[in-house]
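Asker: Structure file work07.cif (mmCIF, C-alpha atoms) is given on the next line.
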data_start
#
loop_
_atom_site.label_atom_id
_atom_site.label_comp_id
_atom_site.auth_asym_id
_atom_site.auth_seq_id
_atom_site.Cartn_x
_atom_site.Cartn_y
_atom_site.Cartn_z
CA MET A 1 106.80 105.05 90.01
CA SER A 2 106.51 105.58 93.78
CA LEU A 3 105.84 108.98 95.25
CA PRO A 4 108.67 110.85 97.00
CA GLU A 5 108.96 111.07 100.79
CA THR A 6 107.58 114.55 101.45
CA ILE A 7 106.44 114.24 105.09
CA LEU A 8 108.57 113.73 108.19
CA GLN A 9 106.30 112.63 111.01
CA PHE A 10 107.30 112.54 114.67
CA GLY A 11 105.03 109.88 116.13
CA THR A 12 103.93 106.40 115.10
CA GLY A 13 100.95 106.06 117.43
CA ARG A 14 97.39 105.18 116.56
CA PHE A 15 96.13 108.72 116.16
CA LEU A 16 98.46 110.01 113.48
CA ARG A 17 98.22 106.74 111.56
CA ALA A 18 94.40 106.82 111.63
CA PHE A 19 94.17 110.54 110.95
CA VAL A 20 96.94 112.29 109.00
CA ASP A 21 98.38 109.22 107.30
CA ARG A 22 94.92 108.01 106.28
CA PHE A 23 94.09 111.42 104.81
CA VAL A 24 97.35 111.42 102.86
CA GLN A 25 96.49 107.97 101.51
CA ARG A 26 93.10 109.14 100.29
CA ALA A 27 94.61 112.21 98.64
CA ASN A 28 97.24 110.05 96.93
CA ASP A 29 94.53 107.63 95.76
CA GLU A 30 92.70 110.58 94.22
CA GLY A 31 95.79 111.53 92.25
CA GLN A 32 96.83 114.57 94.31
CA GLY A 33 100.38 113.25 94.66
CA VAL A 34 100.93 114.45 98.22
CA GLY A 35 103.81 112.04 98.77
CA ARG A 36 104.78 109.47 101.36
CA VAL A 37 105.42 109.66 105.11
CA VAL A 38 108.56 108.77 107.06
CA ALA A 39 107.39 108.10 110.63
CA VAL A 40 109.83 108.51 113.54
CA GLN A 41 109.26 106.54 116.74
CA SER A 42 110.81 108.04 119.87
CA THR A 43 109.94 105.30 122.38
CA GLY A 44 110.47 101.59 121.68
CA ASN A 45 110.81 100.19 118.20
CA ASP A 46 107.93 97.77 117.65
CA ARG A 47 105.74 99.96 115.45
CA ALA A 48 108.69 101.30 113.46
CA GLU A 49 109.72 97.74 112.65
CA LEU A 50 106.21 96.85 111.53
CA LEU A 51 105.94 100.01 109.46
CA GLY A 52 109.27 99.11 107.92
CA ASN A 53 107.61 96.30 105.98
CA LYS A 54 107.46 98.37 102.80
CA GLY A 55 104.25 98.16 100.87
CA HIS A 56 102.35 96.16 103.50
CA GLY A 57 100.61 99.10 105.11
CA TYR A 58 97.82 98.67 107.65
CA HIS A 59 94.06 99.05 108.00
CA VAL A 60 91.76 101.49 109.79
CA LEU A 61 88.38 100.11 110.82
CA VAL A 62 85.92 103.02 110.58
CA ARG A 63 82.66 102.46 112.45
CA GLY A 64 80.00 104.67 113.99
CA TYR A 65 77.36 107.23 113.13
CA GLU A 66 77.71 109.17 109.88
CA GLU A 67 74.86 111.46 108.86
CA GLY A 68 72.55 109.60 111.26
CA GLN A 69 73.36 106.14 109.94
CA LEU A 70 75.59 103.48 111.43
CA VAL A 71 78.43 102.76 109.01
CA GLU A 72 81.27 100.28 108.92
CA ARG A 73 84.14 100.22 106.45
CA VAL A 74 87.83 99.38 106.27
CA ASP A 75 90.33 101.92 104.90
CA GLU A 76 93.68 100.59 103.74
CA VAL A 77 96.65 102.89 104.41
CA LYS A 78 99.98 102.60 102.60
CA SER A 79 101.14 106.21 102.80
CA ILE A 80 103.94 105.45 105.29
CA SER A 81 107.04 104.42 103.36
CA ARG A 82 109.07 103.44 106.43
CA GLY A 83 109.42 103.81 110.17
CA LEU A 84 112.59 104.98 111.89
CA VAL A 85 113.64 104.55 115.53
CA ALA A 86 115.06 107.85 116.77
CA ALA A 87 117.36 106.20 119.32
CA THR A 88 119.15 103.98 116.80
CA GLU A 89 118.50 105.60 113.41
CA TRP A 90 118.99 109.31 114.07
CA PRO A 91 121.41 109.75 111.11
CA LYS A 92 118.62 108.53 108.81
CA VAL A 93 116.25 111.12 110.30
CA LEU A 94 118.81 113.84 109.56
CA GLU A 95 119.16 112.44 106.04
CA ILE A 96 115.43 113.04 105.53
CA ALA A 97 115.91 116.55 106.95
CA ARG A 98 118.34 117.28 104.10
CA SER A 99 116.04 115.90 101.40
CA PRO A 100 114.96 118.34 98.67
CA GLN A 101 111.59 116.51 98.52
CA LEU A 102 110.67 117.21 102.16
CA LYS A 103 107.71 119.62 102.45
CA TYR A 104 105.99 118.96 105.78
CA ILE A 105 106.92 118.13 109.37
CA ILE A 106 104.05 116.73 111.44
CA SER A 107 103.99 115.70 115.10
CA ASN A 108 101.82 114.40 117.91
CA THR A 109 103.83 114.17 121.10
CA THR A 110 100.91 114.84 123.51
CA GLU A 111 100.71 117.81 125.87
CA SER A 112 103.76 116.63 127.82
CA GLY A 113 106.02 116.95 124.77
CA TYR A 114 106.26 120.76 124.85
CA LYS A 115 109.22 120.97 127.19
CA LEU A 116 112.94 121.52 126.76
CA ASP A 117 115.55 119.28 128.35
CA PRO A 118 118.65 121.13 129.65
CA ALA A 119 120.71 117.99 128.99
CA ASP A 120 120.12 118.15 125.23
CA THR A 121 123.02 119.32 123.09
CA LEU A 122 123.36 119.98 119.39
CA HIS A 123 125.32 116.74 119.10
CA SER A 124 122.88 114.53 121.02
CA ALA A 125 121.88 111.61 118.84
CA PRO A 126 119.04 112.11 119.32
CA PRO A 127 118.11 114.93 121.72
CA MET A 128 115.58 113.84 124.33
CA SER A 129 112.94 116.57 123.98
CA PHE A 130 110.81 116.92 120.90
CA PRO A 131 111.50 120.68 120.45
CA ALA A 132 115.22 119.86 120.49
CA LYS A 133 114.76 117.10 117.91
CA LEU A 134 112.86 119.52 115.69
CA THR A 135 115.50 122.21 116.15
CA ARG A 136 118.23 119.76 115.13
CA VAL A 137 116.25 118.68 112.04
CA LEU A 138 115.66 122.28 110.96
CA TRP A 139 119.32 123.15 111.57
CA GLU A 140 120.37 120.22 109.40
CA ARG A 141 118.08 121.44 106.64
CA TYR A 142 119.26 125.03 106.94
CA GLN A 143 122.92 124.02 106.79
CA ASP A 144 122.25 122.06 103.61
CA SER A 145 120.61 125.14 102.01
CA GLN A 146 117.31 123.34 101.49
CA SER A 147 113.94 125.07 101.21
CA PRO A 148 111.88 125.90 104.34
CA VAL A 149 109.08 123.55 105.37
CA ILE A 150 105.50 123.67 106.61
CA ILE A 151 105.22 122.58 110.25
CA LEU A 152 101.95 121.12 111.53
CA PRO A 153 102.06 120.08 115.20
CA CYS A 154 98.93 118.08 116.06
CA GLU A 155 99.20 118.30 119.84
CA LEU A 156 96.01 119.45 121.58
CA ILE A 157 97.53 122.69 122.82
CA GLU A 158 96.07 126.11 122.11
CA ARG A 159 98.19 127.97 119.54
CA ASN A 160 100.26 124.79 119.23
CA ALA A 161 102.45 125.89 116.30
CA GLU A 162 103.28 129.24 117.87
CA LYS A 163 104.23 127.64 121.18
CA LEU A 164 106.35 125.00 119.49
CA ARG A 165 108.06 127.66 117.38
CA ASP A 166 108.89 129.62 120.55
CA LEU A 167 110.40 126.52 122.15
CA VAL A 168 112.54 125.95 119.06
CA ARG A 169 113.71 129.56 119.22
CA GLN A 170 114.63 129.06 122.88
CA GLN A 171 116.60 125.96 121.92
CA ILE A 172 118.42 127.90 119.19
CA LEU A 173 119.50 130.46 121.77
CA ALA A 174 120.55 127.76 124.26
CA TRP A 175 122.67 126.10 121.60
CA GLN A 176 124.07 129.47 120.46
CA LEU A 177 123.43 128.74 116.80
CA PRO A 178 124.23 131.42 114.19
CA VAL A 179 122.00 134.50 114.27
CA THR A 180 120.91 133.95 110.65
CA PHE A 181 119.26 130.63 111.52
CA GLU A 182 116.57 131.98 113.87
CA PRO A 183 114.94 134.28 111.26
CA TRP A 184 114.89 131.40 108.78
CA VAL A 185 113.03 129.26 111.32
CA ARG A 186 110.69 132.04 112.41
CA GLU A 187 109.94 133.72 109.09
CA GLU A 188 110.75 131.32 106.27
CA CYS A 189 109.31 128.12 107.70
CA VAL A 190 105.51 128.16 107.95
CA TRP A 191 104.07 127.28 111.37
CA LEU A 192 100.37 126.37 111.13
CA CYS A 193 98.28 126.34 114.30
CA ASN A 194 95.68 123.61 113.97
CA LEU A 195 93.24 121.40 115.80
CA VAL A 196 92.59 117.70 115.22
CA ASP A 197 89.39 115.90 116.16
CA CYS A 198 88.69 112.19 115.71
CA MET A 199 88.29 109.48 118.33
CA VAL A 200 90.77 106.69 117.68
CA THR A 201 90.92 103.54 119.80
CA ARG A 202 92.41 100.08 119.88
CA ALA A 203 91.00 97.63 117.36
CA PRO A 204 88.47 95.13 118.73
CA ALA A 205 90.18 91.86 119.62
CA ASP A 206 87.43 89.79 118.00
CA HIS A 207 87.58 91.47 114.58
CA PRO A 208 88.81 89.15 111.77
CA LEU A 209 91.49 91.63 110.69
CA THR A 210 93.08 91.75 114.16
CA LYS A 211 95.07 88.55 113.63
CA GLN A 212 96.09 89.53 110.11
CA ASP A 213 97.11 93.12 110.84
CA PRO A 214 98.99 93.93 114.07
CA LEU A 215 98.71 97.64 113.18
CA LEU A 216 94.91 97.60 112.84
CA ILE A 217 93.26 100.73 114.27
CA HIS A 218 89.67 101.64 115.09
CA ALA A 219 88.32 105.13 114.37
CA GLU A 220 84.97 106.91 114.34
CA PRO A 221 83.66 108.32 111.02
CA TYR A 222 83.74 111.91 112.32
CA ALA A 223 86.98 113.77 111.61
CA LEU A 224 87.98 117.43 111.60
CA TRP A 225 91.36 118.99 110.91
CA ALA A 226 90.90 122.73 111.39
CA ILE A 227 93.96 124.71 110.29
CA GLN A 228 94.23 128.43 110.88
CA LYS A 229 95.16 130.44 107.84
CA PRO A 230 98.42 132.35 108.27
CA PRO A 231 98.11 136.14 108.20
CA VAL A 232 98.60 136.98 104.53
CA ARG A 233 98.96 140.73 104.03
CA ARG A 234 98.18 142.82 100.99
CA ALA A 235 100.38 142.44 97.96
CA SER A 236 103.38 144.71 97.85
CA GLU A 237 104.33 146.83 94.87
CA SER A 238 106.13 143.84 93.42
CA GLY A 239 102.82 141.95 93.41
CA ILE A 240 103.77 139.23 95.90
CA PHE A 241 102.08 138.57 99.20
CA ASN A 242 103.67 139.07 102.58
CA LEU A 243 103.24 136.43 105.30
CA GLY A 244 104.52 138.03 108.48
CA SER A 245 107.89 139.17 107.17
CA ARG A 246 108.09 136.30 104.69
CA PHE A 247 107.06 136.81 101.07
CA LEU A 248 104.92 134.20 99.33
CA ASP A 249 103.71 134.13 95.76
CA HIS A 250 100.66 132.05 96.74
CA PRO A 251 98.55 131.37 99.86
CA ILE A 252 99.31 128.30 101.95
CA LYS A 253 97.17 125.34 100.92
CA LEU A 254 97.39 121.70 101.90
CA PHE A 255 95.98 118.80 99.97
CA ASP A 256 92.21 118.43 99.62
CA HIS A 257 90.29 116.24 102.07
CA PRO A 258 86.73 116.53 103.47
CA ALA A 259 88.08 116.73 107.05
CA ILE A 260 90.44 119.64 106.34
CA GLN A 261 89.11 123.14 106.92
CA MET A 262 91.26 126.25 106.52
CA VAL A 263 89.72 128.70 109.01
CA ASP A 264 90.22 132.34 109.94
CA ASP A 265 89.98 131.79 113.70
CA LEU A 266 90.84 128.52 115.43
CA LEU A 267 89.70 129.53 118.91
CA PRO A 268 86.03 128.42 118.62
CA TYR A 269 87.08 125.01 117.33
CA TYR A 270 89.68 124.66 120.06
CA LEU A 271 87.35 125.63 122.89
CA ARG A 272 84.56 123.32 121.76
CA LYS A 273 86.81 120.34 121.21
CA VAL A 274 89.31 120.59 124.06
CA ARG A 275 86.96 121.91 126.74
CA MET A 276 83.97 119.70 125.84
CA LEU A 277 84.98 116.46 124.14
CA ASN A 278 88.50 116.08 125.55
CA GLY A 279 87.58 117.72 128.83
CA LEU A 280 84.70 115.31 129.28
CA HIS A 281 86.99 112.33 128.60
CA THR A 282 89.53 113.52 131.17
CA ALA A 283 86.85 114.25 133.77
CA ILE A 284 85.34 110.80 133.23
CA VAL A 285 88.73 109.25 134.00
CA GLY A 286 89.05 111.35 137.15
CA LYS A 287 85.60 110.32 138.33
CA PHE A 288 85.29 106.69 137.25
CA LEU A 289 88.75 105.15 136.84
CA GLY A 290 89.06 102.40 139.43
CA SER A 291 85.31 102.24 140.08
CA GLY A 292 84.71 99.09 138.05
CA PHE A 293 84.10 100.67 134.64
CA LYS A 294 86.62 99.85 131.91
CA THR A 295 85.32 101.88 128.96
CA VAL A 296 83.49 105.13 128.28
CA GLN A 297 80.72 103.12 126.68
CA GLU A 298 80.14 101.14 129.90
CA ILE A 299 79.79 104.40 131.79
CA LEU A 300 77.26 105.75 129.31
CA ALA A 301 75.21 102.57 129.68
CA ASP A 302 74.83 103.18 133.42
CA LYS A 303 71.85 105.35 134.38
CA GLU A 304 73.45 107.12 137.36
CA ALA A 305 76.79 107.58 135.61
CA VAL A 306 75.07 109.12 132.58
CA LYS A 307 73.25 111.56 134.85
CA TRP A 308 76.60 112.69 136.29
CA VAL A 309 78.23 113.01 132.86
CA ARG A 310 75.33 114.99 131.37
CA GLY A 311 75.26 117.27 134.39
CA LEU A 312 78.97 117.96 134.04
CA LEU A 313 78.70 118.67 130.32
CA PHE A 314 75.54 120.77 130.16
CA GLU A 315 75.60 122.46 133.59
CA GLU A 316 79.30 123.09 134.20
CA ILE A 317 81.29 122.95 130.95
CA VAL A 318 78.83 124.46 128.45
CA PRO A 319 78.03 127.61 130.50
CA THR A 320 81.70 128.64 130.64
CA ILE A 321 82.06 128.96 126.86
CA ALA A 322 78.51 129.39 125.51
CA TYR A 323 78.69 133.19 125.84
CA ARG A 324 81.98 133.35 123.92
CA ILE A 325 81.34 131.23 120.82
CA GLY A 326 78.43 129.89 118.81
CA GLY A 327 77.19 126.37 118.23
CA VAL A 328 78.04 125.13 121.72
CA ALA A 329 74.73 123.41 122.50
CA GLU A 330 74.73 121.67 119.13
CA PHE A 331 78.31 120.51 119.61
CA ALA A 332 77.44 119.24 123.11
CA ASP A 333 74.63 117.08 121.70
CA GLN A 334 76.95 115.86 118.96
CA THR A 335 79.64 115.09 121.53
CA PHE A 336 77.29 112.98 123.58
CA ASP A 337 76.27 111.00 120.49
CA ARG A 338 79.91 110.45 119.54
CA LEU A 339 80.69 109.16 123.01
CA ARG A 340 77.79 106.73 122.71
CA ASN A 341 79.19 105.18 119.52
CA PRO A 342 78.35 101.47 120.09
CA PHE A 343 81.44 100.34 118.18
CA LEU A 344 83.97 102.25 120.28
CA ALA A 345 85.58 100.57 123.25
CA HIS A 346 87.39 103.62 124.57
CA LEU A 347 89.44 102.31 127.49
CA LEU A 348 89.70 104.56 130.53
CA SER A 349 93.24 103.27 130.97
CA ASP A 350 94.16 104.66 127.54
CA ILE A 351 92.56 108.05 128.19
CA ALA A 352 94.38 108.20 131.54
CA ALA A 353 97.80 108.52 129.87
CA ASN A 354 99.47 111.84 130.82
CA HIS A 355 96.44 112.57 133.00
CA GLU A 356 97.94 115.43 135.01
CA ASP A 357 98.93 117.35 131.88
CA LYS A 358 95.47 116.79 130.43
CA VAL A 359 93.79 118.07 133.60
CA ARG A 360 95.89 121.23 133.43
CA VAL A 361 94.99 121.93 129.77
CA ARG A 362 91.46 120.55 129.50
CA LEU A 363 89.83 121.01 132.92
CA GLN A 364 91.61 123.68 134.98
CA PRO A 365 90.60 126.58 132.67
CA THR A 366 86.96 125.49 132.86
CA LEU A 367 87.05 125.32 136.65
CA ASP A 368 88.71 128.75 136.88
CA GLU A 369 86.23 130.38 134.50
CA TYR A 370 83.21 128.76 136.17
CA GLN A 371 84.30 130.09 139.57
CA LYS A 372 84.90 133.56 138.14
CA GLN A 373 81.59 133.60 136.28
CA PHE A 374 79.31 132.10 138.94
CA GLY A 375 81.20 132.72 142.19
CA LYS A 376 81.14 129.08 143.27
CA VAL A 377 82.95 125.80 142.68
CA PRO A 378 81.56 123.48 139.97
CA GLU A 379 80.87 120.40 142.09
CA ARG A 380 81.19 117.64 139.48
CA LEU A 381 84.28 119.12 137.88
CA ALA A 382 85.95 119.62 141.25
CA GLU A 383 85.17 116.01 142.11
CA ALA A 384 86.69 114.79 138.85
CA MET A 385 89.82 116.86 139.55
CA GLY A 386 90.12 115.60 143.11
CA LYS A 387 89.40 119.05 144.57
CA SER A 388 86.10 118.34 146.30
#
Translate this structure into structure tokens?

Answerer:
Amino acid sequence: MSLPETILQFGTGRFLRAFVDRFVQRANDEGQGVGRVVAVQSTGNDRAELLGNKGHGYHVLVRGYEEGQLVERVDEVKSISRGLVAATEWPKVLEIARSPQLKYIISNTTESGYKLDPADTLHSAPPMSFPAKLTRVLWERYQDSQSPVIILPCELIERNAEKLRDLVRQQILAWQLPVTFEPWVREECVWLCNLVDCMVTRAPADHPLTKQDPLLIHAEPYALWAIQKPPVRRASESGIFNLGSRFLDHPIKLFDHPAIQMVDDLLPYYLRKVRMLNGLHTAIVGKFLGSGFKTVQEILADKEAVKWVRGLLFEEIVPTIAYRIGGVAEFADQTFDRLRNPFLAHLLSDIAANHEDKVRVRLQPTLDEYQKQFGKVPERLAEAMGKS
């Protein structure tokens, strides 16, 4: 008997398929019965069509350093039951929204996805912006008197769930939906701020599985999904716990996986990952894209380029956060080793997608804090941002 479709996922790209969907597969294989994923593609339809081949699944090639040793393995993923194209199959998405089995909504729309579109209406099929799509899905569920859901947005934005929730609330007001709907969204649904960390790239063209599996993905062994615990208050006289103004008879818990950590404070994880690993990637694109290098690994094989990258990381990025959180130097060393992974072919052209939004989120805060802290401009960072 197949598992029910419990996860509605906005995004069919490499990252979610190599990260969330792979974790769900492992949990299902271990008998946890998490359920299956319905993946919604908002642009194009190629991946949705491939994912629509029920039961075929895809593979994730996992290669790199794990506990000091180079490893290589292939993980098979069959957790996605089907792919839907938002532009042509929106009624099917709303059908999933009404499903009693639905428990989670997951997304990865990149930093540029957190915007409303004034042209979106309640009857758009579908709305253009992601917050509007999510609002419409939640409204469909609310109208059908279904249970609230857990929402896990995987965009690399600080306090991502809170910001997405606020955008949904703005959309509710713009659409003038009934006043009873907004408290259901805000208090009954559970919005979990989280941070994802795993480098995922295109599969190598020369790997034997490439011809067999058009959905083949390449990922490093390292993975972290840090999820901030919601603020559970003391039990009331009735003996149930209060989450914000919503009462729960148990704490929020996802399925078990080694990469998942429920944490009290997400900020240290966010700062280390976004400012150092992601910030370094974005700065590398700003500095080296168009200079003859095609991948991060080529840059780290060049003596002068490595000197520039190390100087940026240890002399300009690390000092801006080392006084605020612990483990920064260790994470910096770990970051450099991850970037050196000999199996990764991390294309600068891929990292360059949505570059301006990434600069704003990943680099601008570092530049501002460096100037405030040291009273001068960080030369390498300014160069990478085109400000020198």

Asker: Can you pull out the residues contacting range 342-345 of chain A? Cut-off 9 Å, using all atoms listed in the file, and skip same-chain residues under 2 positions away; I want them as a PyMOL selection string.

Answerer: chain A and resi 63-64+199-204+218-220+294-298+339-340+347

Asker: Would you save the residues of that selection, restricted to C-alpha atoms, as a short mmCIF file (atom, residue, chain, number, x, y, z; two decimals), keeping the file's coordinate frame?

Answerer:
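Final output, again_9.cif:
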data_model
loop_
_atom_site.label_atom_id
_atom_site.label_comp_id
_atom_site.auth_asym_id
_atom_site.auth_seq_id
_atom_site.Cartn_x
_atom_site.Cartn_y
_atom_site.Cartn_z
CA ARG A 63 82.66 102.46 112.45
CA GLY A 64 80.00 104.67 113.99
CA MET A 199 88.29 109.48 118.33
CA VAL A 200 90.77 106.69 117.68
CA THR A 201 90.92 103.54 119.80
CA ARG A 202 92.41 100.08 119.88
CA ALA A 203 91.00 97.63 117.36
CA PRO A 204 88.47 95.13 118.73
CA HIS A 218 89.67 101.64 115.09
CA ALA A 219 88.32 105.13 114.37
CA GLU A 220 84.97 106.91 114.34
CA LYS A 294 86.62 99.85 131.91
CA THR A 295 85.32 101.88 128.96
CA VAL A 296 83.49 105.13 128.28
CA GLN A 297 80.72 103.12 126.68
CA GLU A 298 80.14 101.14 129.90
CA LEU A 339 80.69 109.16 123.01
CA ARG A 340 77.79 106.73 122.71
CA LEU A 347 89.44 102.31 127.49
#

Asker: Would you kindly translate the PyMOL selection byres ((chain A and resi 180-195) around 6) into the concrete residues it picks from this file, as a PyMOL selection string?

Answerer: chain A and resi 148-152+159-161+178-179+196+225-228+246

Asker: Could you jot down the CA of Gly311 in chain A to CA of Glu330 in chain A separation for me, Å, one decimal place?

Answerer: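 Computing the Euclidean distance for CA of Gly311 in chain A and CA of Glu330 in chain A yields 15.9 Å.
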
Asker: Mind checking which residues fall within 6 Å of Leu102 in chain A, counting all atoms listed in the file, ignoring those fewer than 2 positions away in the same chain, and posting them as a list in words?

Answerer: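 Residues meeting the cut-off are Thr6, Ile7, Ser99 and Pro100 of chain A.
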
Asker: Would you kindly translate the PyMOL selection byres ((chain A and resi 273-286) around 6) into the concrete residues it picks from this file, as number ranges by chain?

Answerer: A: 270-272, 287-289, 348, 362-363, 384

Asker: Suppose a student applies the PyMOL selection byres ((chain A and resi 26) around 10) to this structure; what residues should they get, written as a PyMOL selection string?

Answerer: chain A and resi 21-25+27-32+34+75-79+256-257

Asker: From the set A:Leu138, A:Leu122, A:Leu267, A:Met385, which residue has the shortest atom-to-atom contact distance to Ile96 in chain A, counting only C-alpha atoms?

Answerer: A:Leu138

Asker: To one decimal place, how far is CA of Lys115 in chain A from CA of Gly11 in chain A in Å?

Answerer: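 About the pair CA of Lys115 in chain A and CA of Gly11 in chain A: they are 16.2 Å apart.
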
Asker: In Å, rounded to a single decimal, give me how far CA of Lys163 in chain A is from CA of Val93 in chain A.

Answerer: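 Rounded to one decimal, the two atoms are 23.1 Å apart.
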
Asker: Where's the centre, and what are the edge lengths in Å to one decimal, of a box along x, y and z enclosing all listed atoms of range 307-312 of chain A padded 5 Å per side, as JSON?

Answerer:
{"center_x": 76.1, "center_y": 114.8, "center_z": 133.8, "size_x": 15.7, "size_y": 16.4, "size_z": 14.9}

Asker: Using only C-alpha atoms, which residues sit within 12 Å of Gly13 in chain A once same-chain residues fewer than 6 positions away are excluded, as a list in words?

Answerer: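 My list of contacting residues is Phe19, Val20, Asp21, Ala39, Val40, Gln41, Ser42, Thr43, Gly44, Asn45, Asp46, Arg47, Ala48, Leu51, Gly83, Ser107, Asn108, Thr109, Thr110, Val200, Thr201, Arg202, Leu215, Leu216 and Ile217 of chain A.
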
Asker: Would you list the residues near (106.8, 113.0, 94.7), meaning any protein, DNA or RNA residue with an atom at most 9 Å from that point in file coordinates, counting all atoms listed in the file, as a PyMOL selection string?

Answerer: chain A and resi 2-6+33-36+101

Asker: Okay, now the selection with C-alpha atoms, as an mmCIF file, in the coordinates of the input?

Answerer:
data_model
loop_
_atom_site.group_PDB
_atom_site.id
_atom_site.type_symbol
_atom_site.label_atom_id
_atom_site.label_comp_id
_atom_site.auth_asym_id
_atom_site.auth_seq_id
_atom_site.Cartn_x
_atom_site.Cartn_y
_atom_site.Cartn_z
ATOM 1 C CA SER A 2 106.510 105.580 93.780
ATOM 2 C CA LEU A 3 105.840 108.980 95.250
ATOM 3 C CA PRO A 4 108.670 110.850 97.000
ATOM 4 C CA GLU A 5 108.960 111.070 100.790
ATOM 5 C CA THR A 6 107.580 114.550 101.450
ATOM 6 C CA GLY A 33 100.380 113.250 94.660
ATOM 7 C CA VAL A 34 100.930 114.450 98.220
ATOM 8 C CA GLY A 35 103.810 112.040 98.770
ATOM 9 C CA ARG A 36 104.780 109.470 101.360
ATOM 10 C CA GLN A 101 111.590 116.510 98.520
#

Asker: Give me the residues near Arg169 in chain A as a PyMOL selection string, where near means some atom within 9 Å (using all atoms listed in the file) and where sequence neighbours in that chain fewer than 2 positions away do not count.

Answerer: chain A and resi 135+164-167+171-174+182+185-186

Asker: Given all atoms listed in the file as the basis, pick out the residue of A:Glu369, A:Glu66, A:Asp265, A:Asp357 nearest to Ile325 in chain A.

Answerer: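 Ranked by minimum distance to Ile325 in chain A, first place goes to A:Asp265.
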
Asker: Measuring atom to atom with all atoms listed in the file, identify which of A:Leu313, A:Ala259, A:Ile105, A:Val74 is nearest to Tyr58 in chain A.

Answerer: A:Val74

Asker: When distances are computed from all atoms listed in the file, which of A:Gly113, A:Gly57, A:Pro127, A:Gly68 shows the smallest separation from Ala87 in chain A?

Answerer: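 That would be A:Pro127, the residue with the smallest distance to Ala87 in chain A.
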
Asker: Pick from A:His59, A:Ser112, A:Phe130, A:Asp213: nearest to Asn354 in chain A, with all atoms listed in the file counted?

Answerer: A:Ser112

Asker: A:Ile260, A:Gln9, A:Ser129, A:Glu379: which is nearest Trp308 in chain A, counting only C-alpha atoms?

Answerer: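 Nearest candidate to Trp308 in chain A out of A:Ile260, A:Gln9, A:Ser129, A:Glu379: A:Glu379.
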
Asker: Using all atoms listed in the file, which residues sit within 9 Å of Glu89 in chain A once same-chain residues fewer than 5 positions away are excluded, as a PyMOL selection string?

Answerer: chain A and resi 84+125-126
